[in-house]
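final-v5.cif follows (mmCIF, C-alpha atoms and all ligand atoms):
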```cif
data_run
loop_
_atom_site.label_atom_id
_atom_site.label_comp_id
_atom_site.auth_asym_id
_atom_site.auth_seq_id
_atom_site.Cartn_x
_atom_site.Cartn_y
_atom_site.Cartn_z
CA MET H 64 9.88 26.94 19.49
CA PRO H 65 10.72 29.37 16.66
CA PRO H 66 11.46 27.61 13.32
CA GLU H 67 15.03 28.93 13.21
CA ALA H 68 15.81 27.03 16.47
CA VAL H 69 14.66 23.62 15.19
CA ASP H 70 17.29 20.93 14.46
CA TYR H 71 15.03 18.11 13.18
CA ILE H 72 11.53 18.39 11.76
CA LEU H 73 9.21 15.47 12.52
CA TYR H 74 6.73 15.68 9.70
CA ALA H 75 3.19 14.39 9.09
CA PRO H 76 1.13 15.57 6.08
CA THR H 77 -1.73 16.32 8.48
CA GLY H 78 0.51 18.76 10.41
CA PRO H 79 0.84 22.54 9.91
CA VAL H 80 4.20 22.80 8.10
CA THR H 81 4.08 23.46 4.37
CA ASP H 82 6.93 26.00 4.05
CA PHE H 83 10.34 24.74 5.14
CA THR H 84 12.30 27.94 4.40
CA PRO H 85 12.05 29.37 7.96
CA PHE H 86 13.79 26.25 9.38
CA THR H 87 17.24 27.67 8.70
CA ARG H 88 19.29 25.39 10.99
CA ALA H 89 17.31 22.16 10.52
CA LYS H 90 19.40 19.15 9.51
CA ALA H 91 16.70 16.81 8.22
CA VAL H 92 12.99 16.17 7.88
CA LEU H 93 11.95 12.88 9.46
CA SER H 94 8.58 11.76 8.13
CA LEU H 95 6.21 9.98 10.49
CA TRP H 96 4.49 8.45 7.48
CA ALA H 97 5.83 5.81 5.07
CA GLY H 98 4.21 7.53 2.08
CA VAL H 99 5.90 10.82 1.26
CA GLU H 100 4.10 11.88 -1.91
CA ARG H 101 2.70 15.03 -0.29
CA ILE H 102 6.13 16.34 0.73
CA VAL H 103 8.59 14.94 -1.82
CA THR H 104 7.79 17.56 -4.45
CA ASN H 105 7.62 20.50 -2.00
CA PRO H 106 9.87 23.13 -3.62
CA THR H 107 10.74 24.70 -0.23
CA LEU H 108 12.27 21.43 0.98
CA THR H 109 15.99 21.16 0.29
CA LEU H 110 16.87 19.19 3.45
CA PRO H 111 17.44 15.42 3.49
CA LEU H 112 14.09 13.64 3.83
CA ALA H 113 13.77 10.29 5.64
CA ARG H 114 10.55 8.28 5.54
CA MET H 115 9.06 6.04 8.20
CA VAL H 116 10.09 2.41 8.16
CA ASP H 117 8.70 0.96 11.34
CA ASP H 118 8.33 -2.63 12.53
CA GLY H 119 4.94 -1.78 14.01
CA LEU H 120 3.76 -0.30 10.71
CA ALA H 121 4.93 -3.41 8.85
CA GLU H 122 3.33 -5.78 11.35
CA GLY H 123 0.02 -3.92 11.14
CA MET H 124 0.10 -4.03 7.34
CA VAL H 125 0.88 -7.75 7.30
CA GLU H 126 -2.10 -8.39 9.58
CA TRP H 127 -4.49 -6.22 7.53
CA VAL H 128 -3.37 -7.64 4.17
CA THR H 129 -3.33 -11.24 5.37
CA GLY H 130 -6.80 -10.83 6.87
CA HIS H 131 -8.28 -9.43 3.68
CA VAL H 132 -6.52 -11.97 1.45
CA LEU H 133 -7.86 -14.79 3.63
CA ARG H 134 -11.37 -13.31 3.53
CA HIS H 135 -11.43 -13.60 -0.24
CA HIS H 136 -9.43 -16.81 -0.49
CA LEU H 137 -11.76 -18.63 1.91
CA GLY H 138 -14.91 -16.97 0.56
CA MET H 139 -15.80 -15.94 4.11
CA ASP H 140 -18.55 -13.57 2.95
CA GLN H 141 -20.61 -16.54 1.82
CA ASP H 142 -20.82 -17.73 5.40
CA ILE H 143 -20.79 -14.45 7.29
CA CYS H 144 -23.35 -12.64 5.12
CA ARG H 145 -25.61 -15.62 4.40
CA GLN H 146 -27.01 -17.25 7.52
CA ASP H 147 -30.19 -18.35 5.79
CA ALA H 148 -30.65 -21.95 6.99
CA ARG H 149 -29.39 -23.40 3.70
CA TRP H 150 -26.63 -26.01 4.07
CA GLN H 151 -24.46 -24.99 1.12
CA VAL H 152 -21.03 -26.53 1.06
CA HIS H 153 -18.18 -24.65 -0.60
CA ILE H 154 -14.65 -25.91 -0.19
CA PRO H 155 -11.99 -23.28 -0.91
CA PRO H 156 -8.78 -24.35 -2.62
CA LEU H 157 -5.67 -24.69 -0.50
CA ALA H 158 -3.49 -21.59 -0.35
CA ARG H 159 -0.87 -23.47 -2.39
CA ASP H 160 -3.35 -23.37 -5.28
CA ARG H 161 -4.19 -19.66 -4.92
CA ARG H 162 -2.12 -17.14 -6.81
CA VAL H 163 -1.55 -13.84 -5.06
CA SER H 164 0.48 -10.97 -6.51
CA VAL H 165 1.91 -8.08 -4.53
CA LEU H 166 2.83 -4.89 -6.39
CA GLY H 167 5.63 -3.20 -4.43
CA LEU H 168 8.28 -5.22 -2.63
CA GLY H 169 9.52 -2.55 -0.24
CA ALA H 170 9.34 -2.50 3.55
CA LEU H 171 5.61 -3.26 3.56
CA GLY H 172 5.10 -5.22 0.33
CA ALA H 173 8.00 -7.58 1.04
CA ALA H 174 6.74 -8.21 4.59
CA CYS H 175 3.28 -9.06 3.21
CA ALA H 176 4.65 -11.23 0.39
CA ARG H 177 6.77 -13.13 2.92
CA ALA H 178 3.83 -13.66 5.27
CA LEU H 179 1.56 -14.85 2.43
CA ALA H 180 4.27 -17.21 1.15
CA GLY H 181 4.60 -18.44 4.75
CA LEU H 182 0.90 -19.38 4.63
CA ASN H 183 1.68 -21.35 1.46
CA PHE H 184 0.06 -18.98 -1.05
CA ASP H 185 1.56 -19.04 -4.53
CA VAL H 186 3.00 -15.51 -4.34
CA ALA H 187 4.49 -13.25 -6.99
CA GLY H 188 5.81 -9.74 -6.46
CA TRP H 189 6.67 -6.72 -8.57
CA SER H 190 9.16 -3.93 -8.01
CA ARG H 191 10.93 -1.20 -9.99
CA THR H 192 14.38 -2.76 -9.66
CA PRO H 193 15.14 -6.52 -9.44
CA ARG H 194 14.44 -8.06 -6.01
CA THR H 195 14.89 -11.56 -4.66
CA LEU H 196 12.59 -12.90 -1.97
CA PRO H 197 12.61 -16.56 -0.90
CA GLY H 198 9.38 -18.29 -1.91
CA VAL H 199 8.20 -15.34 -4.06
CA ALA H 200 8.34 -15.22 -7.87
CA CYS H 201 9.82 -11.77 -8.43
CA PHE H 202 9.15 -9.57 -11.47
CA HIS H 203 10.23 -6.00 -12.10
CA GLY H 204 9.96 -3.07 -14.45
CA ALA H 205 7.32 -2.21 -17.02
CA GLU H 206 7.96 -5.49 -18.84
CA GLY H 207 7.27 -7.54 -15.68
CA LEU H 208 3.88 -6.03 -14.90
CA ARG H 209 1.79 -8.05 -17.34
CA ALA H 210 3.15 -11.39 -16.10
CA VAL H 211 2.49 -10.52 -12.46
CA LEU H 212 -1.05 -9.30 -13.20
CA GLU H 213 -1.96 -12.24 -15.45
CA ARG H 214 -1.40 -14.63 -12.54
CA ALA H 215 -3.09 -12.47 -9.86
CA GLU H 216 -6.26 -14.12 -8.57
CA ILE H 217 -5.79 -11.79 -5.60
CA LEU H 218 -3.82 -8.59 -6.15
CA VAL H 219 -2.34 -6.45 -3.35
CA LEU H 220 -1.15 -2.92 -4.16
CA LEU H 221 1.68 -1.65 -1.96
CA LEU H 222 3.36 0.80 -4.31
CA PRO H 223 4.09 4.41 -3.38
CA ALA H 224 2.25 7.22 -5.19
CA THR H 225 4.71 8.63 -7.73
CA ALA H 226 4.48 9.95 -11.27
CA ALA H 227 5.50 6.48 -12.50
CA THR H 228 2.92 4.54 -10.46
CA ASP H 229 -0.08 6.77 -11.21
CA ASN H 230 -2.90 4.64 -12.66
CA THR H 231 -0.84 1.43 -12.48
CA LEU H 232 -4.26 -0.21 -12.64
CA SER H 233 -5.89 1.26 -15.76
CA ALA H 234 -8.41 -0.15 -18.24
CA ARG H 235 -5.48 -1.68 -20.15
CA THR H 236 -3.78 -3.36 -17.18
CA LEU H 237 -7.02 -4.38 -15.43
CA ALA H 238 -7.77 -6.41 -18.55
CA TRP H 239 -4.67 -8.52 -17.82
CA LEU H 240 -6.12 -9.81 -14.53
CA PRO H 241 -7.82 -13.21 -14.48
CA GLU H 242 -11.63 -13.06 -14.66
CA GLY H 243 -13.09 -12.34 -11.22
CA ALA H 244 -9.79 -11.29 -9.62
CA VAL H 245 -9.85 -9.49 -6.28
CA VAL H 246 -8.04 -6.15 -5.90
CA ILE H 247 -6.84 -5.11 -2.45
CA ASN H 248 -5.41 -1.59 -2.22
CA PRO H 249 -3.75 -0.42 0.98
CA GLY H 250 -1.15 1.53 -1.08
CA ARG H 251 -2.47 4.83 -2.42
CA GLY H 252 -5.61 5.89 -4.31
CA GLN H 253 -3.54 7.28 -7.18
CA LEU H 254 -2.49 3.75 -8.15
CA ILE H 255 -5.95 3.07 -9.60
CA ASP H 256 -7.95 4.62 -12.44
CA ASP H 257 -11.23 4.66 -10.51
CA ALA H 258 -13.49 4.85 -13.57
CA ALA H 259 -11.74 1.84 -15.12
CA LEU H 260 -11.99 -0.16 -11.89
CA LEU H 261 -15.69 0.65 -11.49
CA GLU H 262 -16.32 -0.45 -15.06
CA ALA H 263 -14.49 -3.74 -14.43
CA LEU H 264 -16.45 -4.24 -11.17
CA ASP H 265 -19.77 -3.49 -12.88
CA ALA H 266 -18.97 -6.12 -15.50
CA GLY H 267 -17.80 -8.62 -12.85
CA ARG H 268 -14.40 -8.86 -14.52
CA VAL H 269 -13.02 -7.77 -11.15
CA GLY H 270 -14.85 -9.81 -8.53
CA HIS H 271 -14.24 -7.52 -5.57
CA ALA H 272 -12.15 -4.53 -4.55
CA THR H 273 -11.15 -3.90 -0.95
CA LEU H 274 -9.94 -0.31 -0.87
CA ASP H 275 -8.30 1.47 2.06
CA VAL H 276 -6.93 4.55 0.27
CA PHE H 277 -8.45 7.00 -2.19
CA ARG H 278 -7.57 9.97 -4.37
CA VAL H 279 -9.75 12.12 -2.12
CA GLU H 280 -9.84 11.31 1.60
CA PRO H 281 -12.18 11.08 3.39
CA LEU H 282 -13.90 9.31 0.50
CA PRO H 283 -16.86 11.58 -0.39
CA ALA H 284 -20.20 10.21 0.87
CA ASP H 285 -21.65 10.09 -2.65
CA HIS H 286 -18.73 8.18 -4.18
CA ARG H 287 -19.86 5.02 -5.99
CA TYR H 288 -17.34 2.94 -4.08
CA TRP H 289 -19.38 3.32 -0.86
CA HIS H 290 -22.45 1.75 -2.44
CA HIS H 291 -20.98 -0.76 -4.88
CA PRO H 292 -21.88 -4.36 -3.96
CA ARG H 293 -18.44 -5.57 -5.02
CA VAL H 294 -16.48 -2.96 -3.03
CA THR H 295 -15.35 -2.86 0.59
CA VAL H 296 -14.18 0.55 1.79
CA THR H 297 -11.97 0.95 4.85
CA PRO H 298 -10.99 4.47 6.00
CA HIS H 299 -7.19 4.49 5.50
CA ILE H 300 -6.61 2.26 8.51
CA ALA H 301 -4.63 -0.58 6.95
CA SER H 302 -1.66 0.30 9.13
CA GLU H 303 -0.64 3.11 11.42
CA THR H 304 2.78 4.31 12.52
CA ARG H 305 3.11 2.86 16.03
CA PRO H 306 4.59 5.39 18.49
CA ALA H 307 6.48 2.79 20.58
CA SER H 308 8.49 1.42 17.65
CA ALA H 309 8.48 4.53 15.44
CA ALA H 310 9.96 6.69 18.22
CA GLN H 311 13.01 4.40 18.21
CA VAL H 312 13.41 4.87 14.45
CA ILE H 313 13.24 8.66 14.87
CA ALA H 314 15.65 8.60 17.82
CA GLU H 315 18.12 6.46 15.87
CA ASN H 316 18.04 8.86 12.92
CA ILE H 317 18.63 11.86 15.22
CA ARG H 318 21.51 9.99 16.83
CA ARG H 319 22.93 9.36 13.38
CA GLY H 320 22.43 12.95 12.34
CA GLU H 321 24.26 14.18 15.43
CA SER H 322 27.18 11.76 14.98
CA GLY H 323 27.55 12.46 11.26
CA ALA H 324 26.45 8.94 10.26
CA PRO H 325 24.23 8.51 7.18
CA LEU H 326 20.49 8.73 7.91
CA LEU H 327 18.33 5.63 7.53
CA HIS H 328 15.45 5.38 5.03
CA LEU H 329 16.36 8.42 2.95
CA VAL H 330 13.90 9.24 0.19
CA ASP H 331 15.19 9.23 -3.40
CA ARG H 332 13.79 12.60 -4.42
CA ALA H 333 14.13 11.84 -8.15
CA ALA H 334 12.27 8.50 -7.88
CA GLY H 335 9.72 10.12 -5.56
CA TYR H 336 9.77 7.49 -2.78
N1 LIG H 401 -2.95 2.36 3.97
C1 LIG H 401 -2.10 2.56 4.94
O1 LIG H 401 -2.46 2.59 6.12
C2 LIG H 401 -0.64 2.72 4.60
C3 LIG H 401 0.31 2.74 5.65
C4 LIG H 401 1.65 2.87 5.32
C5 LIG H 401 2.05 2.95 3.99
N2 LIG H 401 1.11 2.92 3.00
C6 LIG H 401 1.53 2.99 1.58
O2 LIG H 401 2.39 1.90 1.31
C7 LIG H 401 3.39 2.36 0.39
C8 LIG H 401 4.58 1.42 0.40
O3 LIG H 401 5.31 1.57 1.60
P1 LIG H 401 6.76 0.91 1.77
O4 LIG H 401 7.30 1.33 3.08
O5 LIG H 401 6.70 -0.54 1.47
O6 LIG H 401 7.54 1.64 0.57
P2 LIG H 401 8.98 1.29 -0.02
O7 LIG H 401 9.80 0.53 0.99
O8 LIG H 401 9.52 2.57 -0.55
O9 LIG H 401 8.68 0.27 -1.22
C9 LIG H 401 8.11 0.68 -2.40
C10 LIG H 401 8.11 -0.49 -3.37
O10 LIG H 401 7.43 -0.08 -4.58
C11 LIG H 401 8.29 -0.33 -5.69
N3 LIG H 401 8.09 0.67 -6.74
C12 LIG H 401 8.17 2.00 -6.66
N4 LIG H 401 7.97 2.58 -7.87
C13 LIG H 401 7.74 1.55 -8.73
C14 LIG H 401 7.49 1.47 -10.12
N5 LIG H 401 7.42 2.57 -10.87
N6 LIG H 401 7.31 0.26 -10.68
C15 LIG H 401 7.40 -0.87 -9.92
N7 LIG H 401 7.65 -0.86 -8.58
C16 LIG H 401 7.80 0.33 -8.01
C17 LIG H 401 9.69 -0.22 -5.13
O11 LIG H 401 10.59 -0.86 -6.02
P3 LIG H 401 12.14 -1.04 -5.63
O12 LIG H 401 12.15 -2.16 -4.62
O13 LIG H 401 12.78 -1.40 -6.89
O14 LIG H 401 12.60 0.28 -5.06
C18 LIG H 401 9.52 -0.91 -3.78
O15 LIG H 401 9.59 -2.31 -3.92
C19 LIG H 401 3.69 3.77 0.92
O16 LIG H 401 4.29 4.57 -0.08
C20 LIG H 401 2.29 4.27 1.25
O17 LIG H 401 1.74 4.86 0.10
C21 LIG H 401 -0.21 2.81 3.29
#
```

Could you render the structure as C-alpha cells?
Amino acid sequence: MPPEAVDYILYAPTGPVTDFTPFTRAKAVLSLWAGVERIVTNPTLTLPLARMVDDGLAEGMVEWVTGHVLRHHLGMDQDICRQDARWQVHIPPLARDRRVSVLGLGALGAACARALAGLNFDVAGWSRTPRTLPGVACFHGAEGLRAVLERAEILVLLLPATAATDNTLSARTLAWLPEGAVVINPGRGQLIDDAALLEALDAGRVGHATLDVFRVEPLPADHRYWHHPRVTVTPHIASETRPASAAQVIAENIRRGESGAPLLHLVDRAAGY
C-alpha cells in the first residue's frame, strides 16, 4: 500500500519506517511496543502517538519480575548451582521481611508492585508524579528517589528511557542502596550507568544484577556483563507484546480514531513517554 493511502501506522522500532512525512493522510501512529524512546523524538512525526498498554504484556512482565525477585529472595542459586553433597541449611526471610522497590509505577511497574505486595513483600514504588497503590509505599520526584533506594534490598527498574531517567542508577545513587542489594532491570539499558554498576558489582556493594535490556542490543559478546559472576543477562525477553490481547488494543484505538473519540495511551511528547 502506498504511504499516502495509509490511515493508521502500526509501528515497531524494528520495522522499516523512519520517515513519517510520506504518510499524508495518516491519523495516528499506534506503537506495538510499550517503550517509545526510539520514535518519540523523531522530527518527522507530527501525528498523535499511542503506545502499547496490553494485558498480555503486563502479565508477562509480572511473571518475569516475580520469578527473578523470588530467585534472589529465596537464594535459589545456592541450591540450584550447588549440588555438592553438603547439607547446608539456609532459611530465607519471609517476604514480609524483604524490602523490594520498584522504580516506575506505570502500566507495568504498578502491576509488578501489586503482585509483589500480594506475595507479602514489603514494597515501595517511585514515580514522577504522586501515585497511590494499596499496600505499596509510594514515593515520587527527585526528592523521593533516595528514600526508595535506601530501602531497596531488591530493586526493579521499570522506568521508560527519557532524558530525565538516563543514568537513574549512577555511582551516586547506587551508593544509596543497602549493601549487597540486587538490581533487576527489565526497563531500559539507559537507566543504568554501566561503568558505575560494574564497579559496584566488583566491590560486592551490589550483590547481583539481573539485566534484560542494554544500551546496545544485542549485548556485544565481549561485554563484561556476559562474564561477570554477579550478573545474569537475559536477551530482552522480560515481556513481549501478545498479539491476541494487543490486537484488541489496536482495534479499539482505530475504532476510537474513526468515531472521533480520544485515543487511549497517548504519549506525552514533552515528557518522552
Ligand atoms: N524488557 C521488556 O521486555 C520490556 C517490555 C515492555 C516494556 N519495557 C519497558 O518498560 C517501561 C515501562 O513501561 P510502562 O508501560 O509501565 O510505562 P508507563 O505506563 O509509561 O509508566 C512509566 C512509569 O515511570 C515513571 N516515570 C517516568 N519518568 C520518570 C521520572 N523522571 N522520574 C520518576 N518516575 C518516572 C512514570 O511516572 P508517572 O506515573 O508519574 O507518569 C510511570 O510511573 C517501558 O518504557 C519500556 O522501556 C520493557

When the cut-off is 6 Å and you count all atoms listed in the file, which residues lie near ligand LIG 401 (chain H), shown as a ChimeraX atom specification? /H:97-98,116,167-172,189-192,204,221-224,227-228,249-251,275-276,299-303,336

Would you kindly return, as a ChimeraX atom specification, each protein, DNA or RNA residue with an atom no farther than 12 Å from any atom of H:Ala173, considering all atoms listed in the file and excluding same-chain residues fewer than 3 positions away? /H:121-122,124-125,128,164-170,176-181,186-190,194-201,219-222

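Atom CA of H:Gly252 sits 14.4 Å away from atom CA of H:Arg287.
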
I want to know what sits within 9 Å of stretch 308-315 of chain H, based on all atoms listed in the file, with residues of the same chain fewer than 6 positions away left out; could you give that as a list of chain:residue names?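 Listing them by chain and then by number gives H:Leu73, H:Leu93, H:Ser94, H:Leu95, H:Met115, H:Val116, H:Asp117, H:Asp118, H:Gly119, H:Leu120, H:Leu326, H:Leu327.
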
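The smallest atom-to-atom distance between H:Glu100 and any of H:Asp160, H:Asp147, H:Asp285, H:Asp331, using only C-alpha atoms, is found for H:Asp331.
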
Can you pull out the residues contacting H:Ala234? Cut-off 8 Å, using all atoms listed in the file, and skip same-chain residues under 3 positions away; I want them as an MDAnalysis selection string. chainID H and resid 237:238 256 259:260

For H:Gln253, list every protein, DNA or RNA residue within 6 Å, evaluated using only C-alpha atoms, and leave out those in the same chain fewer than 2 positions away; present the list as a list in words.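 The residues that qualify are Asp229, Arg251, Ile255 and Arg278 of chain H.
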
Coordinates-based distance that separates atom CA of H:His203 from atom CA of H:Val269 (Å, one decimal):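 Atom CA of H:His203 lies 23.3 Å from atom CA of H:Val269.
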
Which residue out of H:Asn316, H:Glu262, H:Pro325, H:Gly130 has the minimum interatomic distance to H:Arg114 when all atoms listed in the file are used? H:Asn316

Could you tell me how far atom CA of H:Ile247 sits from atom CA of H:Thr104, in Å to one decimal place?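 Taking atom CA of H:Thr104 and atom CA of H:Ile247, their separation equals 27.1 Å.
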
Counting only C-alpha atoms, note down every residue that has an atom within 12 Å of the point (-24.3, -9.7, -5.6) (file coordinates), as number ranges by chain. H: 140-141, 144-145, 264-267, 270-271, 291-294

Store the residues picked out above in a file with C-alpha atoms, as a PDB file, in the frame of the given file.
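Below you can see part18.pdb, which holds the result:
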```pdb
ATOM      1  CA  ASP H 140     -18.550 -13.570   2.950  1.00  0.00           C
ATOM      2  CA  GLN H 141     -20.610 -16.540   1.820  1.00  0.00           C
ATOM      3  CA  CYS H 144     -23.350 -12.640   5.120  1.00  0.00           C
ATOM      4  CA  ARG H 145     -25.610 -15.620   4.400  1.00  0.00           C
ATOM      5  CA  LEU H 264     -16.450  -4.240 -11.170  1.00  0.00           C
ATOM      6  CA  ASP H 265     -19.770  -3.490 -12.880  1.00  0.00           C
ATOM      7  CA  ALA H 266     -18.970  -6.120 -15.500  1.00  0.00           C
ATOM      8  CA  GLY H 267     -17.800  -8.620 -12.850  1.00  0.00           C
ATOM      9  CA  GLY H 270     -14.850  -9.810  -8.530  1.00  0.00           C
ATOM     10  CA  HIS H 271     -14.240  -7.520  -5.570  1.00  0.00           C
ATOM     11  CA  HIS H 291     -20.980  -0.760  -4.880  1.00  0.00           C
ATOM     12  CA  PRO H 292     -21.880  -4.360  -3.960  1.00  0.00           C
ATOM     13  CA  ARG H 293     -18.440  -5.570  -5.020  1.00  0.00           C
ATOM     14  CA  VAL H 294     -16.480  -2.960  -3.030  1.00  0.00           C
TER      15      VAL H 294
END
```

Can you tell me which residues surround H:Asp185 at a distance of at most 6 Å, considering all atoms listed in the file, apart from same-chain residues fewer than 3 positions away, and format the answer as a compact mmCIF listing (two decimals) with C-alpha atoms, keeping the file's coordinate frame?
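The resulting file, selection-v4.txt, is reproduced below:
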```txt
# COMPACT_ATOMS: atom_id res chain seq x y z
CA ARG H 159 -0.87 -23.47 -2.39
CA ARG H 161 -4.19 -19.66 -4.92
CA ARG H 162 -2.12 -17.14 -6.81
```

Centre and size of axis-aligned box enclosing stretch 73-92 of chain H plus 6 Å each side, as lines of an AutoDock Vina configuration file:
```
center_x = 8.8
center_y = 21.9
center_z = 8.3
size_x = 33.1
size_y = 27.0
size_z = 20.5
```

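Here the selection is built from only C-alpha atoms, and the residues within 12 Å of (4.1, 16.5, -1.7) turn out to be H:Tyr74, H:Ala75, H:Pro76, H:Thr77, H:Val80, H:Thr81, H:Asp82, H:Ser94, H:Gly98, H:Val99, H:Glu100, H:Arg101, H:Ile102, H:Val103, H:Thr104, H:Asn105, H:Pro106, H:Thr107, H:Leu108, H:Leu112, H:Ala224, H:Thr225, H:Ala226, H:Arg332, H:Gly335, H:Tyr336.
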
Taking N, CA, C and O atoms as the atom set, what does stretch 296-308 of chain H look like once completed, written as a PDB file, in the coordinates of the input?
```
ATOM      1  N   VAL H 296     -14.958  -0.657   1.497  1.00  0.00           N
ATOM      2  CA  VAL H 296     -14.180   0.550   1.790  1.00  0.00           C
ATOM      3  C   VAL H 296     -13.720   0.486   3.245  1.00  0.00           C
ATOM      4  O   VAL H 296     -14.530   0.218   4.139  1.00  0.00           O
ATOM      5  N   THR H 297     -12.431   0.708   3.475  1.00  0.00           N
ATOM      6  CA  THR H 297     -11.970   0.950   4.850  1.00  0.00           C
ATOM      7  C   THR H 297     -11.302   2.333   4.848  1.00  0.00           C
ATOM      8  O   THR H 297     -10.760   2.768   3.825  1.00  0.00           O
ATOM      9  N   PRO H 298     -11.382   3.052   5.972  1.00  0.00           N
ATOM     10  CA  PRO H 298     -10.990   4.470   6.000  1.00  0.00           C
ATOM     11  C   PRO H 298      -9.506   4.721   6.292  1.00  0.00           C
ATOM     12  O   PRO H 298      -9.165   5.335   7.301  1.00  0.00           O
ATOM     13  N   HIS H 299      -8.650   4.284   5.380  1.00  0.00           N
ATOM     14  CA  HIS H 299      -7.190   4.490   5.500  1.00  0.00           C
ATOM     15  C   HIS H 299      -6.703   4.047   6.891  1.00  0.00           C
ATOM     16  O   HIS H 299      -6.077   4.823   7.613  1.00  0.00           O
ATOM     17  N   ILE H 300      -7.018   2.791   7.197  1.00  0.00           N
ATOM     18  CA  ILE H 300      -6.610   2.260   8.510  1.00  0.00           C
ATOM     19  C   ILE H 300      -5.773   0.996   8.381  1.00  0.00           C
ATOM     20  O   ILE H 300      -5.531   0.306   9.374  1.00  0.00           O
ATOM     21  N   ALA H 301      -5.329   0.693   7.132  1.00  0.00           N
ATOM     22  CA  ALA H 301      -4.630  -0.580   6.950  1.00  0.00           C
ATOM     23  C   ALA H 301      -3.487  -0.710   7.948  1.00  0.00           C
ATOM     24  O   ALA H 301      -3.312  -1.753   8.573  1.00  0.00           O
ATOM     25  N   SER H 302      -2.697   0.356   8.096  1.00  0.00           N
ATOM     26  CA  SER H 302      -1.660   0.300   9.130  1.00  0.00           C
ATOM     27  C   SER H 302      -1.284   1.707   9.556  1.00  0.00           C
ATOM     28  O   SER H 302      -1.228   2.617   8.742  1.00  0.00           O
ATOM     29  N   GLU H 303      -1.014   1.828  10.828  1.00  0.00           N
ATOM     30  CA  GLU H 303      -0.640   3.110  11.420  1.00  0.00           C
ATOM     31  C   GLU H 303       0.810   3.048  11.881  1.00  0.00           C
ATOM     32  O   GLU H 303       1.293   1.990  12.294  1.00  0.00           O
ATOM     33  N   THR H 304       1.482   4.195  11.848  1.00  0.00           N
ATOM     34  CA  THR H 304       2.780   4.310  12.520  1.00  0.00           C
ATOM     35  C   THR H 304       2.541   4.088  14.011  1.00  0.00           C
ATOM     36  O   THR H 304       1.645   4.691  14.592  1.00  0.00           O
ATOM     37  N   ARG H 305       3.303   3.185  14.605  1.00  0.00           N
ATOM     38  CA  ARG H 305       3.110   2.860  16.030  1.00  0.00           C
ATOM     39  C   ARG H 305       4.134   3.636  16.858  1.00  0.00           C
ATOM     40  O   ARG H 305       5.356   3.460  16.676  1.00  0.00           O
ATOM     41  N   PRO H 306       3.662   4.515  17.756  1.00  0.00           N
ATOM     42  CA  PRO H 306       4.590   5.390  18.490  1.00  0.00           C
ATOM     43  C   PRO H 306       5.732   4.630  19.170  1.00  0.00           C
ATOM     44  O   PRO H 306       6.889   5.071  19.120  1.00  0.00           O
ATOM     45  N   ALA H 307       5.438   3.471  19.791  1.00  0.00           N
ATOM     46  CA  ALA H 307       6.480   2.790  20.580  1.00  0.00           C
ATOM     47  C   ALA H 307       7.670   2.390  19.706  1.00  0.00           C
ATOM     48  O   ALA H 307       8.826   2.594  20.090  1.00  0.00           O
ATOM     49  N   SER H 308       7.385   1.841  18.513  1.00  0.00           N
ATOM     50  CA  SER H 308       8.490   1.420  17.650  1.00  0.00           C
ATOM     51  C   SER H 308       8.992   2.568  16.783  1.00  0.00           C
ATOM     52  O   SER H 308      10.202   2.718  16.554  1.00  0.00           O
TER      53      SER H 308
END
```
